[in-house]
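Trainee: Got a file for you: upload-v1.pdb, PDB, C-alpha atoms.
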```pdb
ATOM      1  CA  GLY A 659     -13.797 -16.612  32.580
ATOM      2  CA  LEU A 660     -16.141 -14.581  34.726
ATOM      3  CA  THR A 661     -19.249 -15.948  33.022
ATOM      4  CA  SER A 662     -18.537 -19.651  33.454
ATOM      5  CA  PRO A 663     -20.839 -21.398  35.925
ATOM      6  CA  PRO A 664     -19.361 -22.788  39.133
ATOM      7  CA  LEU A 665     -18.209 -26.386  38.971
ATOM      8  CA  ARG A 666     -19.746 -27.259  42.351
ATOM      9  CA  PRO A 667     -23.403 -26.996  43.340
ATOM     10  CA  ARG A 668     -24.291 -23.514  44.620
ATOM     11  CA  ARG A 669     -25.787 -24.854  47.832
ATOM     12  CA  GLU A 670     -22.552 -26.691  48.618
ATOM     13  CA  ILE A 671     -20.532 -23.504  48.005
ATOM     14  CA  MET A 672     -22.849 -21.506  50.282
ATOM     15  CA  GLN A 673     -22.650 -24.172  52.997
ATOM     16  CA  ASP A 674     -18.847 -24.258  52.834
ATOM     17  CA  TYR A 675     -18.671 -20.448  53.038
ATOM     18  CA  ARG A 676     -21.052 -20.459  55.997
ATOM     19  CA  ASP A 677     -18.956 -23.099  57.787
ATOM     20  CA  VAL A 678     -15.751 -21.116  57.245
ATOM     21  CA  VAL A 679     -17.281 -17.897  58.588
ATOM     22  CA  ALA A 680     -18.843 -19.706  61.569
ATOM     23  CA  ALA A 681     -15.569 -21.436  62.440
ATOM     24  CA  THR A 682     -13.462 -18.308  61.984
ATOM     25  CA  TYR A 683     -15.665 -16.097  64.151
ATOM     26  CA  SER A 684     -16.586 -18.634  66.812
ATOM     27  CA  PRO A 685     -15.525 -17.360  70.253
ATOM     28  CA  GLU A 686     -13.557 -20.532  70.974
ATOM     29  CA  ALA A 687     -11.531 -20.317  67.764
ATOM     30  CA  TYR A 688     -10.953 -16.571  67.953
ATOM     31  CA  PHE A 689      -9.862 -16.511  71.601
ATOM     32  CA  ASP A 690      -7.653 -19.543  70.983
ATOM     33  CA  ARG A 691      -5.900 -17.577  68.224
ATOM     34  CA  VAL A 692      -5.524 -14.570  70.537
ATOM     35  CA  ARG A 693      -4.015 -16.765  73.281
ATOM     36  CA  ARG A 694      -1.545 -18.243  70.787
ATOM     37  CA  LEU A 695      -0.713 -14.755  69.498
ATOM     38  CA  GLY A 696      -0.118 -13.523  73.046
ATOM     39  CA  ARG A 697       2.308 -16.361  73.710
ATOM     40  CA  LEU A 698       4.161 -15.884  70.414
ATOM     41  CA  LEU A 699       4.639 -12.122  70.532
ATOM     42  CA  ASP A 700       8.198 -11.151  71.304
ATOM     43  CA  ARG A 701       7.657  -7.840  73.029
ATOM     44  CA  PRO A 702      10.638  -5.835  74.286
ATOM     45  CA  THR A 703      11.468  -6.015  77.978
ATOM     46  CA  LEU A 704       9.488  -3.509  79.952
ATOM     47  CA  ARG A 705      11.658  -0.770  81.402
ATOM     48  CA  PRO A 706      10.519   1.167  84.447
ATOM     49  CA  ARG A 707       8.932   4.411  83.321
ATOM     50  CA  ARG A 708       7.388   7.339  84.995
ATOM     51  CA  ILE A 709       3.716   6.809  85.638
ATOM     52  CA  HIS A 710       1.503   9.160  83.667
ATOM     53  CA  TRP A 711      -1.821   9.253  85.454
ATOM     54  CA  GLN A 712      -3.663  10.391  82.333
ATOM     55  CA  THR A 713      -2.523   7.216  80.589
ATOM     56  CA  VAL A 714      -3.434   5.057  83.579
ATOM     57  CA  ARG A 715      -6.885   6.677  83.708
ATOM     58  CA  ARG A 716      -7.425   6.325  79.947
ATOM     59  CA  ASP A 717      -6.263   2.696  79.797
ATOM     60  CA  GLY A 718      -8.199   1.819  82.962
ATOM     61  CA  ALA A 719     -11.372   3.332  81.529
ATOM     62  CA  ALA A 720     -10.873   1.433  78.250
ATOM     63  CA  PHE A 721     -10.376  -1.823  80.160
ATOM     64  CA  LEU A 722     -13.541  -1.238  82.204
ATOM     65  CA  ARG A 723     -15.536  -0.484  79.028
ATOM     66  CA  LEU A 724     -14.247  -3.727  77.522
ATOM     67  CA  VAL A 725     -15.180  -5.737  80.620
ATOM     68  CA  TRP A 726     -18.616  -4.065  80.717
ATOM     69  CA  SER A 727     -19.191  -4.814  77.050
ATOM     70  CA  LEU A 728     -18.189  -8.443  77.501
ATOM     71  CA  HIS A 729     -20.318  -8.994  80.595
ATOM     72  CA  VAL A 730     -23.388  -6.942  79.652
ATOM     73  CA  ARG A 731     -23.627  -6.992  75.862
ATOM     74  CA  HIS A 732     -21.962 -10.370  75.213
ATOM     75  CA  PRO A 733     -21.903 -12.388  78.448
ATOM     76  CA  GLU A 734     -21.298 -15.575  76.453
ATOM     77  CA  LEU A 735     -17.791 -14.229  75.733
ATOM     78  CA  ALA A 736     -16.820 -13.411  79.326
ATOM     79  CA  GLY A 737     -15.407 -16.842  80.187
ATOM     80  CA  GLN A 738     -13.218 -16.881  77.076
ATOM     81  CA  PHE A 739     -12.025 -13.355  77.890
ATOM     82  CA  TRP A 740     -10.974 -14.165  81.457
ATOM     83  CA  ARG A 741      -9.288 -17.389  80.340
ATOM     84  CA  THR A 742      -7.375 -15.434  77.698
ATOM     85  CA  LEU A 743      -6.417 -12.664  80.127
ATOM     86  CA  TYR A 744      -5.150 -15.209  82.672
ATOM     87  CA  ASP A 745      -3.168 -17.068  80.001
ATOM     88  CA  CYS A 746      -1.554 -13.828  78.857
ATOM     89  CA  LEU A 747      -0.632 -12.682  82.363
ATOM     90  CA  ARG A 748       0.738 -16.111  83.242
ATOM     91  CA  HIS A 749       2.772 -16.824  80.091
ATOM     92  CA  ARG A 750       3.579 -13.512  78.389
ATOM     93  CA  PRO A 751       2.443 -10.426  80.352
ATOM     94  CA  LYS A 752       4.337  -8.117  77.991
ATOM     95  CA  SER A 753       1.810  -8.927  75.272
ATOM     96  CA  LEU A 754      -1.164  -7.745  77.368
ATOM     97  CA  GLN A 755      -1.807  -4.620  75.302
ATOM     98  CA  ALA A 756      -1.907  -6.563  72.012
ATOM     99  CA  VAL A 757      -4.137  -9.255  73.528
ATOM    100  CA  LEU A 758      -6.601  -6.684  74.885
ATOM    101  CA  ARG A 759      -6.640  -4.879  71.548
ATOM    102  CA  ASN A 760      -7.520  -8.114  69.743
ATOM    103  CA  VAL A 761     -10.254  -8.894  72.277
ATOM    104  CA  ALA A 762     -11.694  -5.404  71.725
ATOM    105  CA  HIS A 763     -11.690  -6.017  67.971
ATOM    106  CA  PHE A 764     -13.643  -9.225  68.489
ATOM    107  CA  VAL A 765     -16.314  -7.404  70.473
ATOM    108  CA  HIS A 766     -17.065  -5.636  67.171
ATOM    109  CA  LEU A 767     -16.432  -8.593  64.843
ATOM    110  CA  TYR A 768     -18.517 -11.105  66.798
ATOM    111  CA  PRO A 769     -21.970  -9.623  66.012
ATOM    112  CA  PHE A 770     -20.981  -9.199  62.373
ATOM    113  CA  GLY A 771     -19.887 -12.837  62.095
ATOM    114  CA  ARG A 772     -23.177 -13.996  63.597
ATOM    115  CA  TYR A 773     -25.084 -11.746  61.169
ATOM    116  CA  VAL A 774     -23.231 -13.212  58.171
ATOM    117  CA  VAL A 775     -23.934 -16.784  59.328
ATOM    118  CA  ARG A 776     -27.660 -15.992  59.833
ATOM    119  CA  THR A 777     -27.822 -14.379  56.380
ATOM    120  CA  ILE A 778     -26.200 -17.363  54.687
ATOM    121  CA  ASP A 779     -28.479 -19.746  56.628
ATOM    122  CA  ALA A 780     -31.480 -17.799  55.291
ATOM    123  CA  ARG A 781     -30.146 -18.030  51.726
ATOM    124  CA  ILE A 782     -29.580 -21.773  52.091
ATOM    125  CA  ALA A 783     -33.145 -22.175  53.423
ATOM    126  CA  GLU A 784     -34.453 -20.205  50.415
ATOM    127  CA  PHE A 785     -32.398 -22.400  48.117
ATOM    128  CA  ASP A 786     -33.744 -25.576  49.767
ATOM    129  CA  ALA A 787     -37.308 -24.256  49.418
ATOM    130  CA  GLY A 788     -36.750 -23.535  45.721
ATOM    131  CA  GLN A 789     -37.108 -19.786  46.237
ATOM    132  CA  TRP A 790     -33.544 -18.822  45.414
ATOM    133  CA  ALA A 791     -33.133 -17.119  42.055
ATOM    134  CA  GLU A 792     -30.068 -17.811  39.969
ATOM    135  CA  PRO A 793     -27.774 -14.778  39.808
ATOM    136  CA  GLU A 794     -27.639 -12.876  36.581
ATOM    137  CA  THR A 795     -24.749 -13.722  34.315
ATOM    138  CA  LEU A 796     -21.887 -11.272  34.761
ATOM    139  CA  PRO A 797     -20.877  -9.192  31.759
ATOM    140  CA  ALA A 798     -17.796 -10.359  29.902
ATOM    141  CA  ALA A 799     -14.527  -9.296  31.487
ATOM    142  CA  ARG A 800     -13.539  -7.208  28.488
ATOM    143  CA  GLU A 801     -16.712  -5.132  28.878
ATOM    144  CA  THR A 802     -16.250  -4.421  32.569
ATOM    145  CA  CYS A 803     -12.476  -3.971  32.612
ATOM    146  CA  ALA A 804     -11.892  -2.096  29.394
ATOM    147  CA  PRO A 805     -10.574   1.461  29.829
ATOM    148  CA  PRO A 806     -12.832   4.282  28.683
ATOM    149  CA  PRO A 807     -12.268   5.418  25.097
ATOM    150  CA  VAL A 808      -9.673   8.144  24.696
ATOM    151  CA  ALA A 809     -10.813  11.273  22.915
ATOM    152  CA  ALA A 810      -8.840  12.059  19.786
ATOM    153  CA  VAL A 811      -6.701  15.188  19.992
ATOM    154  CA  ALA A 812      -6.995  17.374  16.892
TER     155      ALA A 812
END
```
What would the structure in this file look like if it were written as structure tokens?
Mentor:
Amino acid sequence: GLTSPPLRPRREIMQDYRDVVAATYSPEAYFDRVRRLGRLLDRPTLRPRRIHWQTVRRDGAAFLRLVWSLHVRHPELAGQFWRTLYDCLRHRPKSLQAVLRNVAHFVHLYPFGRYVVRTIDARIAEFDAGQWAEPETLPAARETCAPPPVAAVA
């Protein structure tokens, strides 16, 4: 049930969770997944289209913002970005838009992943120092999941 204690030590559970988050959101692992995705995507063959300068301007500006963000805000990611971009253009250029979209997502996910790892590290340090309080026992499932009482109709 919801109130049973975990079978593994809490510190071990926290450490495992921290390791999963750190591995999932590490730049090497994330960009490796994006490179694999770029190679696996089966995009339709590009047909010549009329050039819409508004689209070129918009996409060019978005690309420059992404490059700026990677080089100024997160320079530690720039090498992975350029390696990923080169891999995409060399092996599957039709997947460029999807690859760039996933890189842009990581620019937002990366700080969050680091925050989560730091937070878990702090909790583990508190636990090791004996300062971590046990969580309160959760109410029984029937109390939290029961539907509200139905009023009697007279």
Trainee: Set the distance at 9 Å and use all atoms listed in the file: which residues neighbour Leu724 (chain A) once local chain neighbours fewer than 6 positions away are removed? I'd like the list as a PyMOL selection string.
Mentor: chain A and resi 758+761-762+765
Trainee: How far is it from CA of Tyr688 (chain A) to CA of Arg668 (chain A), in Å with one decimal?
Mentor: 27.8 Å
Trainee: From the set A:Phe770, A:Tyr744, A:Phe764, A:Phe689, which residue has the shortest atom-to-atom contact distance to Ser727 (chain A), counting all atoms listed in the file?
Mentor: A:Phe764
Trainee: Let me make sure I understand: among A:Pro663, A:Gly737, A:Gly788, A:Pro685, which one has the smallest atom-to-atom distance to Val725 (chain A) if we use all atoms listed in the file?
Mentor: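 Smallest distance to Val725 (chain A) is found for A:Gly737.
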Trainee: Between A:His732, A:Arg666, A:Arg676, A:His749, which residue has the minimum interatomic distance to Val775 (chain A), considering only C-alpha atoms?
Mentor: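 Checking each of A:His732, A:Arg666, A:Arg676, A:His749 against Val775 (chain A), counting only C-alpha atoms, the winner is A:Arg676.
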